[in-house]
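Coordinates as given in coords28.pdb (PDB, C-alpha atoms, pLDDT in the B column):
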ATOM      1  CA  MET U   1      63.552  75.525  39.912  1.00 92.00           C
ATOM      2  CA  ILE U   2      64.007  72.478  37.688  1.00 94.00           C
ATOM      3  CA  TYR U   3      67.147  70.768  36.409  1.00 94.00           C
ATOM      4  CA  LEU U   4      66.787  67.916  33.923  1.00 94.00           C
ATOM      5  CA  LEU U   5      69.565  65.373  33.395  1.00 92.00           C
ATOM      6  CA  HIS U   6      68.851  62.411  31.158  1.00 90.00           C
ATOM      7  CA  GLY U   7      70.406  59.815  28.905  1.00 86.00           C
ATOM      8  CA  ASN U   8      71.959  56.368  29.202  1.00 80.00           C
ATOM      9  CA  ASN U   9      75.500  57.594  29.943  1.00 82.00           C
ATOM     10  CA  PHE U  10      75.197  56.734  33.628  1.00 81.00           C
ATOM     11  CA  THR U  11      78.595  58.090  34.700  1.00 79.00           C
ATOM     12  CA  LYS U  12      78.120  61.505  33.101  1.00 82.00           C
ATOM     13  CA  VAL U  13      74.540  61.914  34.324  1.00 87.00           C
ATOM     14  CA  ARG U  14      75.550  61.124  37.909  1.00 84.00           C
ATOM     15  CA  GLY U  15      78.689  63.223  37.620  1.00 83.00           C
ATOM     16  CA  LYS U  16      76.672  66.269  36.551  1.00 87.00           C
ATOM     17  CA  LEU U  17      74.189  65.580  39.343  1.00 89.00           C
ATOM     18  CA  ARG U  18      77.062  65.597  41.821  1.00 85.00           C
ATOM     19  CA  GLU U  19      78.283  68.947  40.453  1.00 85.00           C
ATOM     20  CA  ILE U  20      74.862  70.556  40.801  1.00 89.00           C
ATOM     21  CA  ILE U  21      74.322  69.301  44.347  1.00 87.00           C
ATOM     22  CA  SER U  22      77.799  70.389  45.467  1.00 84.00           C
ATOM     23  CA  PHE U  23      77.345  73.841  43.913  1.00 86.00           C
ATOM     24  CA  GLN U  24      73.940  74.375  45.518  1.00 87.00           C
ATOM     25  CA  LEU U  25      75.111  73.181  48.948  1.00 84.00           C
ATOM     26  CA  LYS U  26      78.058  75.596  48.779  1.00 84.00           C
ATOM     27  CA  LYS U  27      75.632  78.422  47.996  1.00 86.00           C
ATOM     28  CA  ASP U  28      73.322  77.398  50.822  1.00 85.00           C
ATOM     29  CA  PRO U  29      74.933  75.046  53.389  1.00 82.00           C
ATOM     30  CA  GLU U  30      71.676  74.993  55.367  1.00 82.00           C
ATOM     31  CA  ALA U  31      69.717  73.499  52.481  1.00 84.00           C
ATOM     32  CA  THR U  32      68.260  70.027  52.992  1.00 83.00           C
ATOM     33  CA  TYR U  33      69.075  67.455  50.318  1.00 84.00           C
ATOM     34  CA  PHE U  34      67.263  64.185  49.740  1.00 85.00           C
ATOM     35  CA  LYS U  35      66.207  61.817  46.981  1.00 88.00           C
ATOM     36  CA  ILE U  36      62.828  60.431  45.921  1.00 90.00           C
ATOM     37  CA  GLU U  37      62.547  57.193  43.957  1.00 88.00           C
ATOM     38  CA  PRO U  38      59.434  55.363  42.703  1.00 88.00           C
ATOM     39  CA  ASP U  39      59.132  53.315  45.896  1.00 85.00           C
ATOM     40  CA  THR U  40      59.282  56.446  48.075  1.00 87.00           C
ATOM     41  CA  TRP U  41      57.023  58.630  45.891  1.00 90.00           C
ATOM     42  CA  ASP U  42      54.512  60.707  47.844  1.00 88.00           C
ATOM     43  CA  GLU U  43      52.460  63.198  45.834  1.00 88.00           C
ATOM     44  CA  GLU U  44      51.310  65.142  48.881  1.00 87.00           C
ATOM     45  CA  LYS U  45      54.865  65.443  50.145  1.00 85.00           C
ATOM     46  CA  ILE U  46      55.964  66.975  46.845  1.00 87.00           C
ATOM     47  CA  LYS U  47      53.126  69.502  46.979  1.00 85.00           C
ATOM     48  CA  GLU U  48      54.147  70.401  50.523  1.00 83.00           C
ATOM     49  CA  ILE U  49      57.787  70.884  49.487  1.00 83.00           C
ATOM     50  CA  ILE U  50      56.832  73.142  46.585  1.00 80.00           C
ATOM     51  CA  LEU U  51      55.526  75.705  49.065  1.00 75.00           C
ATOM     52  CA  SER U  52      57.806  75.040  52.022  1.00 70.00           C
ATOM     53  CA  ALA U  53      60.646  77.511  51.293  1.00 56.00           C
ATOM     54  CA  GLY U  54      58.270  80.460  51.438  1.00 51.00           C
ATOM     55  CA  LEU U  55      56.945  79.347  54.811  1.00 48.00           C
ATOM     56  CA  PHE U  56      60.108  78.262  56.585  1.00 52.00           C
ATOM     57  CA  GLN U  57      62.873  80.042  54.656  1.00 58.00           C
ATOM     58  CA  LYS U  58      64.701  76.777  54.188  1.00 72.00           C
ATOM     59  CA  LYS U  59      65.667  75.481  50.766  1.00 83.00           C
ATOM     60  CA  TYR U  60      65.292  71.870  49.677  1.00 87.00           C
ATOM     61  CA  ILE U  61      67.330  70.125  46.991  1.00 90.00           C
ATOM     62  CA  ILE U  62      65.312  67.149  45.790  1.00 92.00           C
ATOM     63  CA  VAL U  63      66.583  64.540  43.361  1.00 92.00           C
ATOM     64  CA  LEU U  64      63.717  62.879  41.495  1.00 94.00           C
ATOM     65  CA  ASP U  65      65.351  59.641  40.438  1.00 91.00           C
ATOM     66  CA  GLY U  66      63.652  57.588  37.722  1.00 90.00           C
ATOM     67  CA  LEU U  67      60.134  58.696  38.633  1.00 92.00           C
ATOM     68  CA  LEU U  68      59.008  59.330  35.061  1.00 92.00           C
ATOM     69  CA  ALA U  69      59.474  55.674  34.159  1.00 88.00           C
ATOM     70  CA  ASP U  70      56.317  54.999  36.179  1.00 89.00           C
ATOM     71  CA  LYS U  71      53.295  56.029  34.080  1.00 88.00           C
ATOM     72  CA  THR U  72      51.054  57.036  37.006  1.00 91.00           C
ATOM     73  CA  ILE U  73      53.771  59.010  38.791  1.00 93.00           C
ATOM     74  CA  SER U  74      54.819  60.632  35.529  1.00 92.00           C
ATOM     75  CA  GLU U  75      51.285  61.873  34.809  1.00 91.00           C
ATOM     76  CA  ASN U  76      50.949  63.374  38.282  1.00 91.00           C
ATOM     77  CA  LEU U  77      54.418  64.879  38.322  1.00 92.00           C
ATOM     78  CA  LEU U  78      54.233  66.443  34.869  1.00 92.00           C
ATOM     79  CA  GLU U  79      51.027  68.227  35.902  1.00 92.00           C
ATOM     80  CA  MET U  80      53.094  69.964  38.606  1.00 92.00           C
ATOM     81  CA  THR U  81      55.812  71.145  36.213  1.00 92.00           C
ATOM     82  CA  GLY U  82      54.775  74.795  36.389  1.00 92.00           C
ATOM     83  CA  ASP U  83      54.710  74.818  40.198  1.00 92.00           C
ATOM     84  CA  LEU U  84      58.042  73.002  40.404  1.00 93.00           C
ATOM     85  CA  ALA U  85      59.662  75.585  38.131  1.00 92.00           C
ATOM     86  CA  LYS U  86      58.316  78.506  40.211  1.00 90.00           C
ATOM     87  CA  SER U  87      59.310  76.979  43.556  1.00 89.00           C
ATOM     88  CA  GLN U  88      62.309  78.349  45.461  1.00 87.00           C
ATOM     89  CA  ASN U  89      63.323  74.746  46.005  1.00 90.00           C
ATOM     90  CA  ILE U  90      65.444  72.841  43.489  1.00 92.00           C
ATOM     91  CA  PHE U  91      64.091  69.744  41.764  1.00 95.00           C
ATOM     92  CA  ILE U  92      66.612  67.671  39.816  1.00 95.00           C
ATOM     93  CA  PHE U  93      65.143  65.096  37.455  1.00 95.00           C
ATOM     94  CA  ILE U  94      67.439  62.242  36.430  1.00 92.00           C
ATOM     95  CA  GLU U  95      66.109  59.803  33.869  1.00 91.00           C
ATOM     96  CA  GLU U  96      67.572  57.201  31.557  1.00 86.00           C
ATOM     97  CA  GLU U  97      64.796  57.624  28.999  1.00 85.00           C
ATOM     98  CA  LEU U  98      62.172  60.332  28.436  1.00 87.00           C
ATOM     99  CA  THR U  99      58.970  60.335  26.429  1.00 87.00           C
ATOM    100  CA  LYS U 100      58.528  63.169  23.939  1.00 86.00           C
ATOM    101  CA  GLU U 101      55.799  64.619  26.145  1.00 88.00           C
ATOM    102  CA  ALA U 102      58.018  64.618  29.244  1.00 90.00           C
ATOM    103  CA  GLN U 103      60.956  66.085  27.371  1.00 87.00           C
ATOM    104  CA  LYS U 104      58.764  68.845  25.934  1.00 87.00           C
ATOM    105  CA  LYS U 105      57.111  69.790  29.234  1.00 89.00           C
ATOM    106  CA  LEU U 106      60.251  69.672  31.341  1.00 91.00           C
ATOM    107  CA  GLY U 107      62.492  71.182  28.684  1.00 85.00           C
ATOM    108  CA  LYS U 108      60.353  74.321  28.549  1.00 88.00           C
ATOM    109  CA  LYS U 109      60.369  74.840  32.309  1.00 91.00           C
ATOM    110  CA  ALA U 110      63.852  73.606  33.248  1.00 92.00           C
ATOM    111  CA  GLU U 111      66.525  76.059  34.327  1.00 90.00           C
ATOM    112  CA  LYS U 112      68.969  73.681  32.699  1.00 88.00           C
ATOM    113  CA  SER U 113      68.421  70.558  30.607  1.00 89.00           C
ATOM    114  CA  GLN U 114      71.246  68.247  29.563  1.00 88.00           C
ATOM    115  CA  GLU U 115      71.329  64.902  27.795  1.00 87.00           C
ATOM    116  CA  PHE U 116      74.253  62.517  28.197  1.00 84.00           C
ATOM    117  CA  PHE U 117      73.885  59.788  25.650  1.00 74.00           C
ATOM    118  CA  LEU U 118      76.197  56.896  24.914  1.00 62.00           C
ATOM    119  CA  GLU U 119      74.400  53.984  23.298  1.00 46.00           C
ATOM    120  CA  THR U 120      76.990  51.375  24.224  1.00 40.00           C
ATOM    121  CA  GLU U 121      77.710  52.606  27.771  1.00 40.00           C
ATOM    122  CA  PHE U 122      75.927  49.661  29.392  1.00 36.00           C
ATOM    123  CA  PRO U 123      74.657  46.655  27.398  1.00 35.00           C
ATOM    124  CA  ARG U 124      70.924  46.009  27.503  1.00 34.00           C
ATOM    125  CA  GLU U 125      69.545  42.586  28.261  1.00 33.00           C
ATOM    126  CA  LEU U 126      67.071  41.512  25.564  1.00 28.00           C
ATOM    127  CA  GLY U 127      63.537  42.060  26.760  1.00 31.00           C
ATOM    128  CA  ASN U 128      64.646  44.167  29.710  1.00 33.00           C
ATOM    129  CA  SER U 129      64.222  47.930  29.710  1.00 33.00           C
ATOM    130  CA  VAL U 130      66.742  48.434  32.521  1.00 37.00           C
ATOM    131  CA  SER U 131      70.451  48.467  31.713  1.00 42.00           C
ATOM    132  CA  LYS U 132      72.870  46.807  34.144  1.00 46.00           C
ATOM    133  CA  ASP U 133      76.523  47.614  34.660  1.00 48.00           C
ATOM    134  CA  ARG U 134      77.751  44.040  34.605  1.00 50.00           C
ATOM    135  CA  GLU U 135      81.417  45.076  34.754  1.00 61.00           C
ATOM    136  CA  PHE U 136      81.077  46.880  38.075  1.00 76.00           C
ATOM    137  CA  LYS U 137      83.334  45.634  40.890  1.00 83.00           C
ATOM    138  CA  ILE U 138      82.070  46.554  44.333  1.00 84.00           C
ATOM    139  CA  PHE U 139      85.529  46.635  45.931  1.00 87.00           C
ATOM    140  CA  SER U 140      86.289  49.712  43.818  1.00 91.00           C
ATOM    141  CA  LEU U 141      84.273  51.552  46.486  1.00 94.00           C
ATOM    142  CA  ALA U 142      86.829  50.565  49.117  1.00 94.00           C
ATOM    143  CA  ASP U 143      89.717  51.878  47.015  1.00 93.00           C
ATOM    144  CA  ALA U 144      87.940  55.186  46.330  1.00 95.00           C
ATOM    145  CA  LEU U 145      87.333  55.639  50.056  1.00 96.00           C
ATOM    146  CA  GLY U 146      90.935  54.767  50.890  1.00 95.00           C
ATOM    147  CA  ARG U 147      92.184  57.330  48.360  1.00 95.00           C
ATOM    148  CA  ARG U 148      89.577  59.780  49.657  1.00 94.00           C
ATOM    149  CA  GLU U 149      88.271  60.444  46.178  1.00 93.00           C
ATOM    150  CA  LYS U 150      84.871  61.799  47.182  1.00 91.00           C
ATOM    151  CA  GLU U 151      83.463  62.467  43.727  1.00 89.00           C
ATOM    152  CA  LYS U 152      84.552  59.073  42.418  1.00 91.00           C
ATOM    153  CA  LEU U 153      83.167  57.346  45.521  1.00 94.00           C
ATOM    154  CA  TRP U 154      79.818  59.084  45.062  1.00 92.00           C
ATOM    155  CA  ILE U 155      79.593  57.981  41.423  1.00 90.00           C
ATOM    156  CA  LEU U 156      80.625  54.429  42.349  1.00 91.00           C
ATOM    157  CA  PHE U 157      77.973  54.403  45.076  1.00 92.00           C
ATOM    158  CA  HIS U 158      75.298  55.018  42.434  1.00 88.00           C
ATOM    159  CA  ARG U 159      76.859  52.521  40.053  1.00 86.00           C
ATOM    160  CA  ALA U 160      76.766  49.935  42.828  1.00 87.00           C
ATOM    161  CA  LEU U 161      73.060  50.571  43.384  1.00 85.00           C
ATOM    162  CA  PHE U 162      72.425  50.537  39.631  1.00 81.00           C
ATOM    163  CA  SER U 163      74.151  47.162  39.425  1.00 79.00           C
ATOM    164  CA  GLY U 164      71.802  45.668  41.997  1.00 78.00           C
ATOM    165  CA  ASN U 165      73.943  45.862  45.144  1.00 82.00           C
ATOM    166  CA  ALA U 166      72.041  46.446  48.382  1.00 84.00           C
ATOM    167  CA  VAL U 167      72.826  49.554  50.451  1.00 89.00           C
ATOM    168  CA  GLU U 168      73.745  47.296  53.371  1.00 88.00           C
ATOM    169  CA  GLN U 169      76.352  45.540  51.212  1.00 87.00           C
ATOM    170  CA  ILE U 170      77.836  48.869  50.101  1.00 92.00           C
ATOM    171  CA  HIS U 171      77.972  50.044  53.706  1.00 93.00           C
ATOM    172  CA  GLY U 172      79.689  46.807  54.674  1.00 91.00           C
ATOM    173  CA  ILE U 173      82.437  47.287  52.065  1.00 91.00           C
ATOM    174  CA  LEU U 174      83.114  50.854  53.243  1.00 95.00           C
ATOM    175  CA  PHE U 175      83.147  49.833  56.901  1.00 93.00           C
ATOM    176  CA  TRP U 176      85.496  46.944  56.083  1.00 92.00           C
ATOM    177  CA  GLN U 177      87.947  49.366  54.455  1.00 94.00           C
ATOM    178  CA  VAL U 178      87.922  51.690  57.462  1.00 95.00           C
ATOM    179  CA  LYS U 179      88.486  48.788  59.864  1.00 93.00           C
ATOM    180  CA  SER U 180      91.296  47.437  57.658  1.00 92.00           C
ATOM    181  CA  MET U 181      93.073  50.799  57.809  1.00 93.00           C
ATOM    182  CA  LEU U 182      92.667  50.964  61.588  1.00 93.00           C
ATOM    183  CA  VAL U 183      94.050  47.444  61.985  1.00 92.00           C
ATOM    184  CA  ALA U 184      96.957  48.091  59.604  1.00 91.00           C
ATOM    185  CA  ARG U 185      97.907  51.230  61.511  1.00 91.00           C
ATOM    186  CA  LYS U 186      98.100  49.402  64.844  1.00 90.00           C
ATOM    187  CA  ALA U 187      99.807  46.237  63.583  1.00 89.00           C
ATOM    188  CA  GLY U 188     103.519  46.059  62.928  1.00 82.00           C
ATOM    189  CA  SER U 189     103.249  43.628  60.044  1.00 87.00           C
ATOM    190  CA  ALA U 190     100.796  41.868  57.764  1.00 85.00           C
ATOM    191  CA  GLY U 191     101.085  38.751  59.891  1.00 86.00           C
ATOM    192  CA  ALA U 192     100.265  40.618  63.091  1.00 87.00           C
ATOM    193  CA  SER U 193      97.304  42.323  61.452  1.00 84.00           C
ATOM    194  CA  ALA U 194      95.761  39.037  60.238  1.00 83.00           C
ATOM    195  CA  LEU U 195      94.943  40.858  57.000  1.00 83.00           C
ATOM    196  CA  ASN U 196      95.751  39.578  53.547  1.00 82.00           C
ATOM    197  CA  PRO U 197      99.258  40.968  52.731  1.00 85.00           C
ATOM    198  CA  PHE U 198      97.899  42.781  49.681  1.00 86.00           C
ATOM    199  CA  VAL U 199      95.075  44.358  51.727  1.00 87.00           C
ATOM    200  CA  TYR U 200      97.530  45.255  54.495  1.00 89.00           C
ATOM    201  CA  LYS U 201      99.887  47.023  52.079  1.00 90.00           C
ATOM    202  CA  LYS U 202      97.092  48.970  50.420  1.00 90.00           C
ATOM    203  CA  SER U 203      95.575  49.955  53.763  1.00 92.00           C
ATOM    204  CA  LEU U 204      98.926  51.256  54.993  1.00 92.00           C
ATOM    205  CA  GLY U 205      99.226  53.389  51.867  1.00 93.00           C
ATOM    206  CA  PHE U 206      95.728  54.798  52.343  1.00 95.00           C
ATOM    207  CA  LEU U 207      96.509  56.005  55.874  1.00 95.00           C
ATOM    208  CA  ARG U 208      98.290  59.102  54.570  1.00 94.00           C
ATOM    209  CA  ASN U 209      94.943  60.419  53.321  1.00 96.00           C
ATOM    210  CA  PHE U 210      93.474  60.656  56.833  1.00 95.00           C
ATOM    211  CA  LYS U 211      94.471  62.818  59.798  1.00 92.00           C
ATOM    212  CA  GLU U 212      94.937  61.434  63.278  1.00 89.00           C
ATOM    213  CA  GLY U 213      91.599  60.545  64.851  1.00 91.00           C
ATOM    214  CA  GLU U 214      89.650  60.777  61.585  1.00 94.00           C
ATOM    215  CA  LEU U 215      89.340  57.058  61.004  1.00 95.00           C
ATOM    216  CA  GLU U 216      87.925  56.495  64.481  1.00 95.00           C
ATOM    217  CA  SER U 217      85.384  59.239  63.835  1.00 95.00           C
ATOM    218  CA  ILE U 218      84.488  57.804  60.414  1.00 95.00           C
ATOM    219  CA  SER U 219      84.055  54.346  61.921  1.00 95.00           C
ATOM    220  CA  SER U 220      81.672  55.741  64.552  1.00 95.00           C
ATOM    221  CA  GLN U 221      79.690  57.612  61.893  1.00 95.00           C
ATOM    222  CA  LEU U 222      79.228  54.455  59.834  1.00 95.00           C
ATOM    223  CA  VAL U 223      78.129  52.494  62.896  1.00 94.00           C
ATOM    224  CA  ARG U 224      75.603  55.221  63.745  1.00 94.00           C
ATOM    225  CA  ILE U 225      74.230  55.255  60.184  1.00 94.00           C
ATOM    226  CA  TYR U 226      73.747  51.478  60.336  1.00 91.00           C
ATOM    227  CA  HIS U 227      71.911  51.514  63.668  1.00 92.00           C
ATOM    228  CA  ASP U 228      69.818  54.630  62.944  1.00 91.00           C
ATOM    229  CA  SER U 229      68.620  53.156  59.657  1.00 89.00           C
ATOM    230  CA  HIS U 230      67.687  49.851  61.254  1.00 86.00           C
ATOM    231  CA  ARG U 231      65.772  51.708  63.980  1.00 88.00           C
ATOM    232  CA  GLY U 232      63.837  53.603  61.337  1.00 85.00           C
ATOM    233  CA  ILE U 233      65.353  56.958  62.284  1.00 87.00           C
ATOM    234  CA  THR U 234      66.910  57.562  58.849  1.00 85.00           C
ATOM    235  CA  ASP U 235      66.772  56.100  55.363  1.00 87.00           C
ATOM    236  CA  PHE U 236      69.866  53.905  54.937  1.00 89.00           C
ATOM    237  CA  GLY U 237      70.640  54.913  51.347  1.00 89.00           C
ATOM    238  CA  VAL U 238      70.088  58.637  51.847  1.00 89.00           C
ATOM    239  CA  ALA U 239      72.118  58.707  55.068  1.00 90.00           C
ATOM    240  CA  LEU U 240      75.020  56.844  53.466  1.00 93.00           C
ATOM    241  CA  GLU U 241      74.962  59.115  50.414  1.00 91.00           C
ATOM    242  CA  LYS U 242      75.029  62.232  52.620  1.00 90.00           C
ATOM    243  CA  TRP U 243      77.962  60.758  54.512  1.00 93.00           C
ATOM    244  CA  ILE U 244      79.859  60.166  51.272  1.00 93.00           C
ATOM    245  CA  LEU U 245      79.268  63.769  50.190  1.00 88.00           C
ATOM    246  CA  GLY U 246      80.670  64.961  53.512  1.00 87.00           C
ATOM    247  CA  ILE U 247      83.911  62.992  53.810  1.00 85.00           C
TER     248      ILE U 247
END

Same coordinates, now as structure tokens:
Amino acid sequence: MIYLLHGNNFTKVRGKLREIISFQLKKDPEATYFKIEPDTWDEEKIKEIILSAGLFQKKYIIVLDGLLADKTISENLLEMTGDLAKSQNIFIFIEEELTKEAQKKLGKKAEKSQEFFLETEFPRELGNSVSKDREFKIFSLADALGRREKEKLWILFHRALFSGNAVEQIHGILFWQVKSMLVARKAGSAGASALNPFVYKKSLGFLRNFKEGELESISSQLVRIYHDSHRGITDFGVALEKWILGI
């Protein structure tokens, strides 16, 4: 099964992607979700996944992020369009721009195809084909986590990556917010907490969004994600994204 989401309205494309993933995971909580980008492209792996549900009775939800921007990958992937459409697994293409050939081939086979276009969403640098969200503020991730706004946090996570922030930096901001809330809860005042008074006040307000013991558990999860990724057990970005979807 194929879903196609494209256009330069980054927020709406990622928002629709989030809706599709959430819907499919509710239908099949045992499904495995992961993302493939140009630097993790593996043609043989895709061919294996196409057939895997029939063999193991386990569904995969695969996000194919920006692969068609690479000419070689695009040629190989578009040849598989028929097999992707017939597969029991779900393949979600997300692209900023599509060639006429890609749009024609995918549009015919896609279960659903949607374009989200807003020409002035993100300004383009002259001579650069990649748009950058220069207005993005990374600490907005901390606020979204504190308010426990999962959907907003997920969209901000992708905006942070799109803006050039490393996964490790994003993880650090989220971990900082969790630690700030833990410190604020134990301290009796901003002075005792050693936090900035503004940060202390915000962290205290965020505490109402978390049950007793949850912050300690969240802190441990983030520590485990960090160490597992650095040991090569998991992919840092994928593991952090899965964690965001589960909070």

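Atom CA of U:Phe206 sits 5.9 Å away from atom CA of U:Arg147.
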
May I have the centre and edge lengths, in Å to one decimal, of an axis-aligned box around the listed atoms of stretch 102-107 of chain U with 6 Å added to every side, as JSON?
{"center_x": 59.8, "center_y": 67.9, "center_z": 28.6, "size_x": 17.4, "size_y": 18.6, "size_z": 17.4}

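Using the PyMOL selection byres ((chain U and resi 2-10) around 7) on this structure selects Met1, Thr11, Lys12, Val13, Arg14, Leu84, Ala85, Ile90, Phe91, Ile92, Phe93, Ile94, Glu95, Glu96, Glu97, Lys109, Ala110, Glu111, Lys112, Ser113, Gln114, Glu115, Phe116, Phe117, Leu118, Glu119 and Glu121 of chain U.
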
Restrict the selected residues to C-alpha atoms and save them as a compact mmCIF listing (two decimals), keeping the file's coordinate frame.
# COMPACT_ATOMS: atom_id res chain seq x y z
CA MET U 1 63.55 75.53 39.91
CA THR U 11 78.60 58.09 34.70
CA LYS U 12 78.12 61.50 33.10
CA VAL U 13 74.54 61.91 34.32
CA ARG U 14 75.55 61.12 37.91
CA LEU U 84 58.04 73.00 40.40
CA ALA U 85 59.66 75.58 38.13
CA ILE U 90 65.44 72.84 43.49
CA PHE U 91 64.09 69.74 41.76
CA ILE U 92 66.61 67.67 39.82
CA PHE U 93 65.14 65.10 37.46
CA ILE U 94 67.44 62.24 36.43
CA GLU U 95 66.11 59.80 33.87
CA GLU U 96 67.57 57.20 31.56
CA GLU U 97 64.80 57.62 29.00
CA LYS U 109 60.37 74.84 32.31
CA ALA U 110 63.85 73.61 33.25
CA GLU U 111 66.53 76.06 34.33
CA LYS U 112 68.97 73.68 32.70
CA SER U 113 68.42 70.56 30.61
CA GLN U 114 71.25 68.25 29.56
CA GLU U 115 71.33 64.90 27.80
CA PHE U 116 74.25 62.52 28.20
CA PHE U 117 73.89 59.79 25.65
CA LEU U 118 76.20 56.90 24.91
CA GLU U 119 74.40 53.98 23.30
CA GLU U 121 77.71 52.61 27.77

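Once the PyMOL selection byres ((chain U and resi 140) around 12) is applied to this file, the selection holds Glu135, Phe136, Lys137, Ile138, Phe139, Leu141, Ala142, Asp143, Ala144, Leu145, Gly146, Arg147, Glu149, Lys152, Leu153, Trp154, Ile155, Leu156, Phe157, Arg159, Ala160, Ile170, Ile173, Leu174 and Gln177 of chain U.
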
(message) For this structure, which residues satisfy the selection - the PyMOL selection byres ((chain U and resi 181) around 12) - when it is evaluated on the file as given? I want them as a VMD selection string.
(response) chain U and resid 142 to 143 145 to 147 174 to 180 182 to 187 190 193 195 199 to 210 214 to 216 218 to 219

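Residues within 10 Å of U:Pro29, counting only C-alpha atoms and excluding same-chain residues fewer than 6 positions away, are Ser22, Phe23 and Lys59 of chain U.
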
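By all atoms listed in the file, and with residues fewer than 2 positions from U:Ile36 along its chain excluded, the set lying at most 7 Å from it is Phe34, Pro38, Thr40, Trp41, Val63, Leu64 and Asp65 of chain U.
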
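Of note, atom CA of U:Tyr226 and atom CA of U:Ala31 are spaced 23.7 Å apart.
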
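Taking atom CA of U:Leu106 as the reference point, atom CA of U:Met80 is found at 10.2 Å.
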
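Excluding U:Thr32 itself and any same-chain residue fewer than 5 positions from it, the protein and nucleic acid residues within 8 Å of it, counting all atoms listed in the file, are Lys58, Lys59, Tyr60 and Ile61 of chain U.
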
Identify, on the basis of all atoms listed in the file, every residue whose closest approach to U:Ser229 does not exceed 12 Å; exclude the query and any residue fewer than 4 positions from it along the same chain; express the result as an mmCIF file with C-alpha atoms, keeping the file's coordinate frame.
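Everything below was put into out-v4.cif:
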data_model
loop_
_atom_site.group_PDB
_atom_site.id
_atom_site.type_symbol
_atom_site.label_atom_id
_atom_site.label_comp_id
_atom_site.auth_asym_id
_atom_site.auth_seq_id
_atom_site.Cartn_x
_atom_site.Cartn_y
_atom_site.Cartn_z
ATOM 1 C CA VAL U 167 72.826 49.554 50.451
ATOM 2 C CA GLU U 168 73.745 47.296 53.371
ATOM 3 C CA HIS U 171 77.972 50.044 53.706
ATOM 4 C CA LEU U 222 79.228 54.455 59.834
ATOM 5 C CA VAL U 223 78.129 52.494 62.896
ATOM 6 C CA ARG U 224 75.603 55.221 63.745
ATOM 7 C CA ILE U 225 74.230 55.255 60.184
ATOM 8 C CA ILE U 233 65.353 56.958 62.284
ATOM 9 C CA THR U 234 66.910 57.562 58.849
ATOM 10 C CA ASP U 235 66.772 56.100 55.363
ATOM 11 C CA PHE U 236 69.866 53.905 54.937
ATOM 12 C CA GLY U 237 70.640 54.913 51.347
ATOM 13 C CA VAL U 238 70.088 58.637 51.847
ATOM 14 C CA ALA U 239 72.118 58.707 55.068
ATOM 15 C CA LEU U 240 75.020 56.844 53.466
#

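Every polymer residue reaching to within 9 Å of (54.6, 69.7, 33.3), counting all atoms listed in the file, appears in this list: Glu75, Asn76, Leu77, Leu78, Glu79, Met80, Thr81, Gly82, Asp83, Leu84, Glu101, Ala102, Lys104, Lys105, Leu106, Lys108 and Lys109 of chain U.
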
Could those residues be written to a file, using C-alpha atoms, as a CSV table (one decimal), in the frame of the given file?
chain,number,residue,atom,x,y,z
U,75,GLU,CA,51.3,61.9,34.8
U,76,ASN,CA,50.9,63.4,38.3
U,77,LEU,CA,54.4,64.9,38.3
U,78,LEU,CA,54.2,66.4,34.9
U,79,GLU,CA,51.0,68.2,35.9
U,80,MET,CA,53.1,70.0,38.6
U,81,THR,CA,55.8,71.1,36.2
U,82,GLY,CA,54.8,74.8,36.4
U,83,ASP,CA,54.7,74.8,40.2
U,84,LEU,CA,58.0,73.0,40.4
U,101,GLU,CA,55.8,64.6,26.1
U,102,ALA,CA,58.0,64.6,29.2
U,104,LYS,CA,58.8,68.8,25.9
U,105,LYS,CA,57.1,69.8,29.2
U,106,LEU,CA,60.3,69.7,31.3
U,108,LYS,CA,60.4,74.3,28.5
U,109,LYS,CA,60.4,74.8,32.3

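Of the residues listed (U:Leu161, U:Ile247, U:Leu67, U:Ile62), U:Ile62 shows the shortest atom-to-atom separation from U:Ile50; distances use all atoms listed in the file.
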
My structure is short of atoms at stretch 100-107 of chain U; please model N, CA and C atoms there, returning them as a PDB file, keeping the file's coordinate frame.
ATOM      1  N   LYS U 100      58.521  61.865  24.602  1.00 86.00           N
ATOM      2  CA  LYS U 100      58.528  63.169  23.939  1.00 86.00           C
ATOM      3  C   LYS U 100      57.735  64.186  24.747  1.00 86.00           C
ATOM      4  N   GLU U 101      56.634  63.724  25.344  1.00 88.00           N
ATOM      5  CA  GLU U 101      55.799  64.619  26.145  1.00 88.00           C
ATOM      6  C   GLU U 101      56.573  65.137  27.363  1.00 88.00           C
ATOM      7  N   ALA U 102      57.258  64.222  28.055  1.00 90.00           N
ATOM      8  CA  ALA U 102      58.018  64.618  29.244  1.00 90.00           C
ATOM      9  C   ALA U 102      59.152  65.563  28.873  1.00 90.00           C
ATOM     10  N   GLN U 103      59.841  65.246  27.795  1.00 87.00           N
ATOM     11  CA  GLN U 103      60.956  66.085  27.371  1.00 87.00           C
ATOM     12  C   GLN U 103      60.466  67.484  26.986  1.00 87.00           C
ATOM     13  N   LYS U 104      59.313  67.555  26.352  1.00 87.00           N
ATOM     14  CA  LYS U 104      58.764  68.845  25.934  1.00 87.00           C
ATOM     15  C   LYS U 104      58.343  69.672  27.142  1.00 87.00           C
ATOM     16  N   LYS U 105      57.611  69.057  28.071  1.00 89.00           N
ATOM     17  CA  LYS U 105      57.111  69.790  29.234  1.00 89.00           C
ATOM     18  C   LYS U 105      58.239  70.236  30.158  1.00 89.00           C
ATOM     19  N   LEU U 106      59.159  69.336  30.431  1.00 91.00           N
ATOM     20  CA  LEU U 106      60.251  69.672  31.341  1.00 91.00           C
ATOM     21  C   LEU U 106      61.258  70.601  30.679  1.00 91.00           C
ATOM     22  N   GLY U 107      61.518  70.358  29.400  1.00 85.00           N
ATOM     23  CA  GLY U 107      62.492  71.182  28.684  1.00 85.00           C
ATOM     24  C   GLY U 107      62.119  72.645  28.674  1.00 85.00           C
TER      25      GLY U 107
END
